[in-house]
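Student: Could you have a look at this structure, given as C-alpha cells, before my questions?
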Amino acid sequence: MNTWLACASVLLVAGLFPVVWGVTTGSLGRRVVAQNFGTSVVCLVMLLLAQGYERPAYTDLALVLAVLGPVGTLVYARLLADELGESPPKAQLPTVLAAAATVPVVIASCVAAGPGRAAVKLVVVGVLLVAGNVISSRTLSGAYVEPSEARRD
C-alpha cells in the first residue's frame, strides 16, 4: 500500500462517517447537505485512487462526479424547496471542509502528475468541485432567489 492509497483510505473513513451519520439521523436539510458532502468526499477519493493505482481513468470519473454531484444537490434543492425553505440548512461548514480538503489533494496530484494535460484536468476537477460546493451551499442556505420570485417582491 502506498501513501496515495493510505490517504484515500483515511479520507474515505473520516469523510464518509459524517455523511452516513447525517443521512441516516438528520433532518431533511442535513440529509441534502450530507449528500452533497458525500459526493465531494468520493470525488477526492477517486483522485487519490487515480494516483495510487496509476489509473488516469479514475480522474475522468472524478471529473464526472465533480459535475454531477452538485447538480444532483441542486435538483434536490429545487424539488424540496418548500420543505427546505421552512428551515434552510446550514451548509457552510461542509463547504469549507470540502474546499479545504480539495486544495491539498489537487495540488499533490498535480505535482505527482507533472506539467501537462493531466495536471490541467486535475485543476479543472478541483475548480468544479469547489465551485459546485459553493453554489450548492448558497442555494441550500436560501441565498439564491429565483428571478420570478424577485419580481413579485
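Order determines the names: the first chain of the C-alpha cells is A, the second B, and so forth; residues in each chain are numbered 1 upward, and ligands are numbered 1 upward as they are shown.
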Write out as a PyMOL selection string the residues lying within 8 Å of segment 100-109 of chain A, counting only C-alpha atoms and excluding same-chain residues fewer than 2 positions away.
Tutor: chain A and resi 44+47-48+51+96-98+111-113+119+122-123+126+129-130
Student: For Gly72 of chain A, please output as a PyMOL selection string all residues within 10 Å (counting only C-alpha atoms; exclusion window: fewer than 2 positions along the same chain).
Tutor: chain A and resi 32+35-36+39+65+67-70+74-78+136
Student: One decimal, Å: what's the distance from atom CA of Ala6 of chain A over to atom CA of Gly114 of chain A, could you say?
Tutor: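 Going from atom CA of Ala6 of chain A over to atom CA of Gly114 of chain A, I get 21.2 Å.
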Student: Using only C-alpha atoms, pick whichever of A:Gly142, A:Ser137, A:Leu5, A:Leu93 has the shortest atom-to-atom distance to Val71 of chain A.
Tutor: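 Ranking A:Gly142, A:Ser137, A:Leu5, A:Leu93 by distance to Val71 of chain A, first place goes to A:Ser137.
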Student: Could you check which of A:Asn133, A:Leu80, A:Leu140, A:Val64 is closest to Lys121 of chain A, using only C-alpha atoms?
Tutor: A:Val64
Student: So that I can see what lies close to segment 87-90 of chain A, please list as a list in words the residues with an atom at most 10 Å from it, counting only C-alpha atoms and leaving out residues fewer than 5 positions away in the same chain.
Tutor: Ser27, Leu28, Gly29, Arg30, Arg31, Val32, Val33, Ala81, Asp82, Thr95, Ser137, Arg138, Thr139, Leu140, Ser141, Gly142 and Ala143 of chain A
Student: Restricting the output to all heavy atoms, write the selected residues as a CSV table (one decimal), in the first residue's frame.
Tutor:
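Saved file out.csv follows:
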```csv
chain,number,residue,atom,x,y,z
A,27,SER,N,-32.2,15.8,9.8
A,27,SER,CA,-33.4,16.4,9.2
A,27,SER,C,-33.3,16.4,7.7
A,27,SER,O,-32.2,16.0,7.2
A,27,SER,CB,-33.6,17.8,9.7
A,27,SER,OG,-32.5,18.6,9.3
A,28,LEU,N,-34.3,16.8,7.0
A,28,LEU,CA,-34.2,16.8,5.6
A,28,LEU,C,-33.1,17.7,5.0
A,28,LEU,O,-32.3,17.3,4.1
A,28,LEU,CB,-35.6,17.3,5.0
A,28,LEU,CG,-35.6,17.4,3.5
A,28,LEU,CD1,-35.5,16.1,2.9
A,28,LEU,CD2,-36.9,18.1,3.1
A,29,GLY,N,-32.9,18.9,5.6
A,29,GLY,CA,-31.8,19.8,5.2
A,29,GLY,C,-30.5,19.2,5.5
A,29,GLY,O,-29.6,19.3,4.6
A,30,ARG,N,-30.3,18.5,6.6
A,30,ARG,CA,-29.0,17.9,6.9
A,30,ARG,C,-28.7,16.7,5.9
A,30,ARG,O,-27.6,16.5,5.5
A,30,ARG,CB,-28.9,17.4,8.3
A,30,ARG,CG,-27.5,16.9,8.7
A,30,ARG,CD,-27.4,16.2,10.0
A,30,ARG,NE,-28.0,16.9,11.1
A,30,ARG,CZ,-28.0,16.3,12.3
A,30,ARG,NH1,-27.5,15.1,12.5
A,30,ARG,NH2,-28.6,16.9,13.3
A,31,ARG,N,-29.8,16.0,5.6
A,31,ARG,CA,-29.6,14.9,4.6
A,31,ARG,C,-29.1,15.4,3.3
A,31,ARG,O,-28.3,14.8,2.6
A,31,ARG,CB,-30.9,14.1,4.5
A,31,ARG,CG,-31.2,13.3,5.8
A,31,ARG,CD,-32.3,12.3,5.6
A,31,ARG,NE,-33.5,12.8,5.0
A,31,ARG,CZ,-34.6,13.0,5.7
A,31,ARG,NH1,-34.7,12.7,6.9
A,31,ARG,NH2,-35.7,13.4,5.1
A,32,VAL,N,-29.7,16.5,2.8
A,32,VAL,CA,-29.3,17.0,1.5
A,32,VAL,C,-27.8,17.5,1.6
A,32,VAL,O,-27.0,17.3,0.7
A,32,VAL,CB,-30.2,18.1,1.0
A,32,VAL,CG1,-29.7,18.8,-0.3
A,32,VAL,CG2,-31.6,17.5,0.8
A,33,VAL,N,-27.5,18.2,2.6
A,33,VAL,CA,-26.1,18.7,2.8
A,33,VAL,C,-25.1,17.5,2.9
A,33,VAL,O,-24.0,17.6,2.3
A,33,VAL,CB,-26.0,19.6,4.1
A,33,VAL,CG1,-24.6,19.9,4.4
A,33,VAL,CG2,-26.8,20.9,3.9
A,81,ALA,N,-37.9,22.4,-2.3
A,81,ALA,CA,-37.8,23.8,-2.0
A,81,ALA,C,-38.7,24.2,-0.9
A,81,ALA,O,-38.4,25.0,0.0
A,81,ALA,CB,-38.0,24.7,-3.2
A,82,ASP,N,-39.9,23.7,-0.9
A,82,ASP,CA,-40.9,24.1,0.1
A,82,ASP,C,-40.5,23.6,1.5
A,82,ASP,O,-40.6,24.4,2.5
A,82,ASP,CB,-42.3,23.5,-0.2
A,82,ASP,CG,-42.9,24.1,-1.5
A,82,ASP,OD1,-42.4,25.3,-1.9
A,82,ASP,OD2,-43.7,23.5,-2.2
A,95,THR,N,-19.0,22.9,3.3
A,95,THR,CA,-18.4,23.5,2.2
A,95,THR,C,-17.0,23.9,2.4
A,95,THR,O,-16.1,23.7,1.6
A,95,THR,CB,-19.2,24.7,1.7
A,95,THR,OG1,-20.6,24.3,1.5
A,95,THR,CG2,-18.6,25.4,0.5
A,137,SER,N,-24.1,25.1,-1.6
A,137,SER,CA,-24.2,25.6,-0.3
A,137,SER,C,-25.1,26.9,-0.2
A,137,SER,O,-26.0,27.0,0.6
A,137,SER,CB,-22.9,25.9,0.3
A,137,SER,OG,-22.9,26.6,1.5
A,138,ARG,N,-24.8,27.8,-1.2
A,138,ARG,CA,-25.6,29.1,-1.2
A,138,ARG,C,-27.1,28.8,-1.5
A,138,ARG,O,-28.0,29.4,-1.0
A,138,ARG,CB,-25.0,30.0,-2.2
A,138,ARG,CG,-23.7,30.6,-1.7
A,138,ARG,CD,-23.1,31.6,-2.6
A,138,ARG,NE,-24.0,32.7,-3.0
A,138,ARG,CZ,-24.2,33.8,-2.3
A,138,ARG,NH1,-23.6,34.0,-1.2
A,138,ARG,NH2,-25.0,34.7,-2.8
A,139,THR,N,-27.3,27.8,-2.4
A,139,THR,CA,-28.6,27.5,-2.8
A,139,THR,C,-29.4,26.9,-1.6
A,139,THR,O,-30.5,27.2,-1.4
A,139,THR,CB,-28.6,26.5,-4.0
A,139,THR,OG1,-28.0,27.2,-5.1
A,139,THR,CG2,-30.1,26.2,-4.4
A,140,LEU,N,-28.7,26.0,-1.0
A,140,LEU,CA,-29.4,25.3,0.2
A,140,LEU,C,-29.7,26.2,1.3
A,140,LEU,O,-30.7,26.1,2.0
A,140,LEU,CB,-28.6,24.1,0.7
A,140,LEU,CG,-28.5,22.9,-0.3
A,140,LEU,CD1,-27.5,21.9,0.3
A,140,LEU,CD2,-29.9,22.3,-0.4
A,141,SER,N,-28.8,27.2,1.5
A,141,SER,CA,-29.0,28.1,2.7
A,141,SER,C,-30.0,29.2,2.4
A,141,SER,O,-30.3,30.0,3.2
A,141,SER,CB,-27.7,28.8,3.1
A,141,SER,OG,-27.2,29.6,2.0
A,142,GLY,N,-30.5,29.2,1.1
A,142,GLY,CA,-31.6,30.2,0.8
A,142,GLY,C,-31.1,31.5,0.3
A,142,GLY,O,-31.8,32.5,0.2
A,143,ALA,N,-29.8,31.6,0.0
A,143,ALA,CA,-29.2,32.8,-0.5
A,143,ALA,C,-29.6,33.1,-2.0
A,143,ALA,O,-29.6,34.3,-2.4
A,143,ALA,CB,-27.7,32.8,-0.4
```
Student: Find the residues around Ala8 of chain A up to 12 Å (only C-alpha atoms counted), leave out those fewer than 5 positions away in its own chain, and share them as a compact mmCIF listing (two decimals) with all heavy atoms, in the first residue's frame.
Tutor:
```txt
# COMPACT_ATOMS: atom_id res chain seq x y z
N MET A 1 0.86 -1.18 0.00
CA MET A 1 0.00 0.00 0.00
C MET A 1 0.90 1.24 0.00
O MET A 1 1.78 1.36 0.83
CB MET A 1 -0.90 -0.01 1.24
CG MET A 1 -1.77 1.22 1.34
SD MET A 1 -2.85 1.26 2.77
CE MET A 1 -4.28 0.46 2.10
N ASN A 2 0.64 2.13 -0.94
CA ASN A 2 1.44 3.35 -0.99
C ASN A 2 0.74 4.48 -0.25
O ASN A 2 -0.36 4.32 0.29
CB ASN A 2 1.77 3.72 -2.45
CG ASN A 2 0.51 3.95 -3.27
OD1 ASN A 2 -0.52 4.33 -2.77
ND2 ASN A 2 0.63 3.71 -4.57
N THR A 3 1.38 5.64 -0.23
CA THR A 3 0.86 6.79 0.51
C THR A 3 -0.47 7.27 -0.05
O THR A 3 -1.37 7.68 0.69
CB THR A 3 1.89 7.93 0.49
OG1 THR A 3 3.14 7.43 0.95
CG2 THR A 3 1.45 9.07 1.37
N VAL A 13 -12.79 6.82 5.22
CA VAL A 13 -13.36 6.52 6.54
C VAL A 13 -13.75 7.81 7.27
O VAL A 13 -14.86 7.94 7.78
CB VAL A 13 -12.36 5.70 7.38
CG1 VAL A 13 -12.83 5.57 8.82
CG2 VAL A 13 -12.16 4.33 6.77
N ALA A 14 -12.82 8.78 7.28
CA ALA A 14 -13.09 10.02 8.01
C ALA A 14 -14.16 10.87 7.33
O ALA A 14 -14.88 11.60 8.01
CB ALA A 14 -11.80 10.83 8.15
N GLY A 15 -14.27 10.79 6.03
CA GLY A 15 -15.24 11.61 5.32
C GLY A 15 -16.61 11.00 5.22
O GLY A 15 -17.62 11.70 5.28
N LEU A 16 -16.67 9.69 5.05
CA LEU A 16 -17.98 9.08 4.88
C LEU A 16 -18.70 8.77 6.19
O LEU A 16 -19.91 8.60 6.18
CB LEU A 16 -17.87 7.81 4.03
CG LEU A 16 -17.65 8.06 2.54
CD1 LEU A 16 -17.68 6.75 1.77
CD2 LEU A 16 -18.67 9.02 1.97
N VAL A 41 -16.45 14.02 -1.05
CA VAL A 41 -15.51 13.06 -0.47
C VAL A 41 -15.17 11.97 -1.47
O VAL A 41 -14.00 11.63 -1.68
CB VAL A 41 -16.09 12.46 0.84
CG1 VAL A 41 -15.27 11.28 1.32
CG2 VAL A 41 -16.18 13.51 1.92
N VAL A 42 -16.18 11.43 -2.13
CA VAL A 42 -15.94 10.36 -3.09
C VAL A 42 -15.11 10.87 -4.27
O VAL A 42 -14.24 10.16 -4.78
CB VAL A 42 -17.27 9.73 -3.55
CG1 VAL A 42 -17.07 8.77 -4.69
CG2 VAL A 42 -17.96 9.04 -2.39
N CYS A 43 -15.35 12.09 -4.69
CA CYS A 43 -14.57 12.68 -5.79
C CYS A 43 -13.10 12.79 -5.39
O CYS A 43 -12.21 12.45 -6.19
CB CYS A 43 -15.14 14.04 -6.15
SG CYS A 43 -14.36 14.80 -7.57
N LEU A 44 -12.83 13.24 -4.18
CA LEU A 44 -11.44 13.35 -3.72
C LEU A 44 -10.79 11.97 -3.58
O LEU A 44 -9.61 11.79 -3.90
CB LEU A 44 -11.38 14.11 -2.41
CG LEU A 44 -11.78 15.58 -2.49
CD1 LEU A 44 -11.79 16.21 -1.11
CD2 LEU A 44 -10.84 16.34 -3.42
N VAL A 45 -11.56 11.01 -3.12
CA VAL A 45 -11.03 9.64 -3.01
C VAL A 45 -10.69 9.11 -4.39
O VAL A 45 -9.66 8.44 -4.57
CB VAL A 45 -12.04 8.73 -2.27
CG1 VAL A 45 -11.67 7.26 -2.41
CG2 VAL A 45 -12.12 9.11 -0.80
N MET A 46 -11.52 9.41 -5.38
CA MET A 46 -11.23 8.96 -6.75
C MET A 46 -9.92 9.59 -7.26
O MET A 46 -9.15 8.92 -7.96
CB MET A 46 -12.38 9.30 -7.69
CG MET A 46 -13.66 8.56 -7.39
SD MET A 46 -13.49 6.78 -7.43
CE MET A 46 -13.34 6.51 -9.16
N LEU A 47 -9.68 10.85 -6.94
CA LEU A 47 -8.43 11.49 -7.35
C LEU A 47 -7.23 10.81 -6.69
O LEU A 47 -6.19 10.60 -7.34
CB LEU A 47 -8.44 12.98 -7.01
CG LEU A 47 -9.36 13.86 -7.83
CD1 LEU A 47 -9.32 15.29 -7.32
CD2 LEU A 47 -9.00 13.81 -9.30
N LEU A 48 -7.36 10.49 -5.41
CA LEU A 48 -6.26 9.81 -4.72
C LEU A 48 -6.06 8.40 -5.25
O LEU A 48 -4.91 7.94 -5.40
CB LEU A 48 -6.53 9.79 -3.22
CG LEU A 48 -6.46 11.15 -2.52
CD1 LEU A 48 -6.99 11.05 -1.11
CD2 LEU A 48 -5.06 11.70 -2.54
N LEU A 49 -7.14 7.70 -5.55
CA LEU A 49 -7.01 6.35 -6.11
C LEU A 49 -6.40 6.38 -7.50
O LEU A 49 -5.68 5.46 -7.88
CB LEU A 49 -8.38 5.66 -6.14
CG LEU A 49 -8.98 5.28 -4.80
CD1 LEU A 49 -10.37 4.67 -5.00
CD2 LEU A 49 -8.08 4.33 -4.03
N ALA A 50 -6.69 7.42 -8.26
CA ALA A 50 -6.09 7.55 -9.59
C ALA A 50 -4.58 7.61 -9.50
O ALA A 50 -3.87 7.01 -10.32
CB ALA A 50 -6.63 8.80 -10.29
N GLN A 51 -4.07 8.32 -8.51
CA GLN A 51 -2.62 8.39 -8.32
C GLN A 51 -2.08 7.10 -7.70
O GLN A 51 -1.01 6.63 -8.07
CB GLN A 51 -2.25 9.58 -7.44
CG GLN A 51 -2.53 10.92 -8.06
CD GLN A 51 -1.73 11.14 -9.33
OE1 GLN A 51 -0.58 10.75 -9.44
NE2 GLN A 51 -2.37 11.76 -10.30
N GLY A 52 -2.82 6.54 -6.75
CA GLY A 52 -2.35 5.34 -6.07
C GLY A 52 -2.26 4.13 -6.97
O GLY A 52 -1.30 3.35 -6.88
N TYR A 53 -3.24 3.95 -7.82
CA TYR A 53 -3.24 2.81 -8.74
C TYR A 53 -2.67 3.14 -10.11
O TYR A 53 -2.63 2.28 -10.98
CB TYR A 53 -4.66 2.27 -8.91
CG TYR A 53 -5.20 1.57 -7.70
CD1 TYR A 53 -6.43 1.92 -7.18
CD2 TYR A 53 -4.48 0.56 -7.07
CE1 TYR A 53 -6.95 1.27 -6.07
CE2 TYR A 53 -4.99 -0.08 -5.96
CZ TYR A 53 -6.23 0.27 -5.47
OH TYR A 53 -6.73 -0.36 -4.37
N ALA A 101 -10.16 20.32 1.93
CA ALA A 101 -9.60 19.02 1.55
C ALA A 101 -9.27 18.96 0.06
O ALA A 101 -8.35 18.25 -0.34
CB ALA A 101 -10.59 17.92 1.91
N VAL A 105 -5.33 17.95 -1.99
CA VAL A 105 -5.40 16.75 -2.83
C VAL A 105 -5.09 17.10 -4.28
O VAL A 105 -4.32 16.41 -4.95
CB VAL A 105 -6.78 16.07 -2.69
CG1 VAL A 105 -6.98 15.02 -3.76
CG2 VAL A 105 -6.95 15.46 -1.32
```
Student: Identify, with DSSP run on backbone atoms, the residues in chain A assigned to alpha helix (DSSP H), and express the list as a ChimeraX atom specification.
Tutor: /A:3-25,28-52,57-79,81-86,92-113,117-140,147-152
Student: Residues of the last selection are to be written out with C-alpha atoms, as a CSV table (one decimal), in the first residue's frame.
Tutor:
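Final output, again_22.csv:
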```csv
chain,number,residue,atom,x,y,z
A,3,THR,CA,0.9,6.8,0.5
A,4,TRP,CA,-1.9,7.7,-2.0
A,5,LEU,CA,-3.9,4.6,-1.1
A,6,ALA,CA,-3.4,5.2,2.6
A,7,CYS,CA,-4.6,8.8,2.2
A,8,ALA,CA,-7.6,7.6,0.2
A,9,SER,CA,-8.5,5.1,2.9
A,10,VAL,CA,-8.2,7.7,5.7
A,11,LEU,CA,-10.3,10.2,3.7
A,12,LEU,CA,-12.9,7.6,2.9
A,13,VAL,CA,-13.4,6.5,6.5
A,14,ALA,CA,-13.1,10.0,8.0
A,15,GLY,CA,-15.2,11.6,5.3
A,16,LEU,CA,-18.0,9.1,4.9
A,17,PHE,CA,-18.7,8.5,8.6
A,18,PRO,CA,-20.2,12.0,9.0
A,19,VAL,CA,-22.0,11.6,5.7
A,20,VAL,CA,-23.7,8.3,6.7
A,21,TRP,CA,-24.5,9.8,10.1
A,22,GLY,CA,-26.0,12.9,8.6
A,23,VAL,CA,-28.0,11.0,6.0
A,24,THR,CA,-29.4,8.5,8.5
A,25,THR,CA,-30.1,10.7,11.5
A,28,LEU,CA,-34.2,16.8,5.6
A,29,GLY,CA,-31.8,19.8,5.2
A,30,ARG,CA,-29.0,17.9,6.9
A,31,ARG,CA,-29.6,14.9,4.6
A,32,VAL,CA,-29.3,17.0,1.5
A,33,VAL,CA,-26.1,18.7,2.8
A,34,ALA,CA,-24.7,15.3,3.7
A,35,GLN,CA,-25.4,14.0,0.3
A,36,ASN,CA,-23.5,17.0,-1.3
A,37,PHE,CA,-20.6,16.5,1.1
A,38,GLY,CA,-20.5,12.8,0.3
A,39,THR,CA,-20.1,13.4,-3.4
A,40,SER,CA,-17.1,15.7,-2.6
A,41,VAL,CA,-15.5,13.1,-0.5
A,42,VAL,CA,-15.9,10.4,-3.1
A,43,CYS,CA,-14.6,12.7,-5.8
A,44,LEU,CA,-11.4,13.3,-3.7
A,45,VAL,CA,-11.0,9.6,-3.0
A,46,MET,CA,-11.2,9.0,-6.7
A,47,LEU,CA,-8.4,11.5,-7.3
A,48,LEU,CA,-6.3,9.8,-4.7
A,49,LEU,CA,-7.0,6.4,-6.1
A,50,ALA,CA,-6.1,7.5,-9.6
A,51,GLN,CA,-2.6,8.4,-8.3
A,52,GLY,CA,-2.4,5.3,-6.1
A,57,ALA,CA,-9.4,6.8,-15.9
A,58,TYR,CA,-10.3,7.4,-12.2
A,59,THR,CA,-9.6,11.1,-12.8
A,60,ASP,CA,-12.3,11.0,-15.5
A,61,LEU,CA,-14.7,9.5,-13.0
A,62,ALA,CA,-13.8,12.3,-10.5
A,63,LEU,CA,-14.5,14.9,-13.2
A,64,VAL,CA,-17.9,13.4,-14.0
A,65,LEU,CA,-18.7,13.3,-10.2
A,66,ALA,CA,-17.5,16.9,-9.7
A,67,VAL,CA,-20.0,18.0,-12.4
A,68,LEU,CA,-23.0,15.7,-11.5
A,69,GLY,CA,-22.7,15.8,-7.6
A,70,PRO,CA,-23.6,19.5,-7.2
A,71,VAL,CA,-26.2,19.2,-10.0
A,72,GLY,CA,-27.9,16.4,-8.0
A,73,THR,CA,-27.9,18.6,-4.9
A,74,LEU,CA,-29.4,21.5,-6.9
A,75,VAL,CA,-32.1,19.1,-8.2
A,76,TYR,CA,-32.9,18.1,-4.6
A,77,ALA,CA,-33.0,21.7,-3.6
A,78,ARG,CA,-35.4,22.5,-6.4
A,79,LEU,CA,-37.7,19.5,-5.7
A,81,ALA,CA,-37.8,23.8,-2.0
A,82,ASP,CA,-40.9,24.1,0.1
A,83,GLU,CA,-39.6,21.8,2.9
A,84,LEU,CA,-36.1,23.3,2.8
A,85,GLY,CA,-37.4,26.9,2.8
A,86,GLU,CA,-39.1,26.5,6.2
A,92,GLN,CA,-21.1,26.4,5.3
A,93,LEU,CA,-19.0,24.1,7.4
A,94,PRO,CA,-19.2,21.1,5.0
A,95,THR,CA,-18.4,23.5,2.2
A,96,VAL,CA,-15.3,24.9,3.9
A,97,LEU,CA,-14.2,21.3,4.8
A,98,ALA,CA,-14.7,20.1,1.2
A,99,ALA,CA,-12.7,23.1,-0.1
A,100,ALA,CA,-10.0,22.7,2.5
A,101,ALA,CA,-9.6,19.0,1.6
A,102,THR,CA,-9.8,19.7,-2.2
A,103,VAL,CA,-6.9,22.1,-2.3
A,104,PRO,CA,-4.1,19.8,-0.9
A,105,VAL,CA,-5.4,16.7,-2.8
A,106,VAL,CA,-5.4,18.6,-6.2
A,107,ILE,CA,-2.1,20.3,-5.6
A,108,ALA,CA,-0.4,17.0,-4.6
A,109,SER,CA,-2.0,15.2,-7.5
A,110,CYS,CA,-0.8,17.9,-9.9
A,111,VAL,CA,2.7,17.7,-8.5
A,112,ALA,CA,2.7,13.9,-9.0
A,113,ALA,CA,1.2,14.1,-12.5
A,117,ARG,CA,-2.8,17.7,-19.8
A,118,ALA,CA,-3.3,15.6,-16.7
A,119,ALA,CA,-2.5,18.5,-14.4
A,120,VAL,CA,-4.9,20.7,-16.3
A,121,LYS,CA,-7.6,18.1,-15.8
A,122,LEU,CA,-6.9,17.8,-12.1
A,123,VAL,CA,-7.1,21.6,-11.7
A,124,VAL,CA,-10.4,21.6,-13.6
A,125,VAL,CA,-11.8,18.9,-11.3
A,126,GLY,CA,-10.7,20.9,-8.2
A,127,VAL,CA,-12.2,24.1,-9.5
A,128,LEU,CA,-15.5,22.4,-10.4
A,129,LEU,CA,-15.6,20.7,-7.0
A,130,VAL,CA,-15.1,23.9,-5.0
A,131,ALA,CA,-17.4,26.0,-7.2
A,132,GLY,CA,-20.1,23.3,-7.2
A,133,ASN,CA,-20.0,23.1,-3.4
A,134,VAL,CA,-20.1,26.9,-3.0
A,135,ILE,CA,-23.1,27.2,-5.4
A,136,SER,CA,-24.9,24.2,-3.7
A,137,SER,CA,-24.2,25.6,-0.3
A,138,ARG,CA,-25.6,29.1,-1.2
A,139,THR,CA,-28.6,27.5,-2.8
A,140,LEU,CA,-29.4,25.3,0.2
A,147,PRO,CA,-35.8,35.7,-10.8
A,148,SER,CA,-39.6,35.1,-10.9
A,149,GLU,CA,-39.7,35.4,-7.1
A,150,ALA,CA,-37.6,38.6,-7.1
A,151,ARG,CA,-40.1,40.3,-9.5
A,152,ARG,CA,-43.0,39.5,-7.2
```
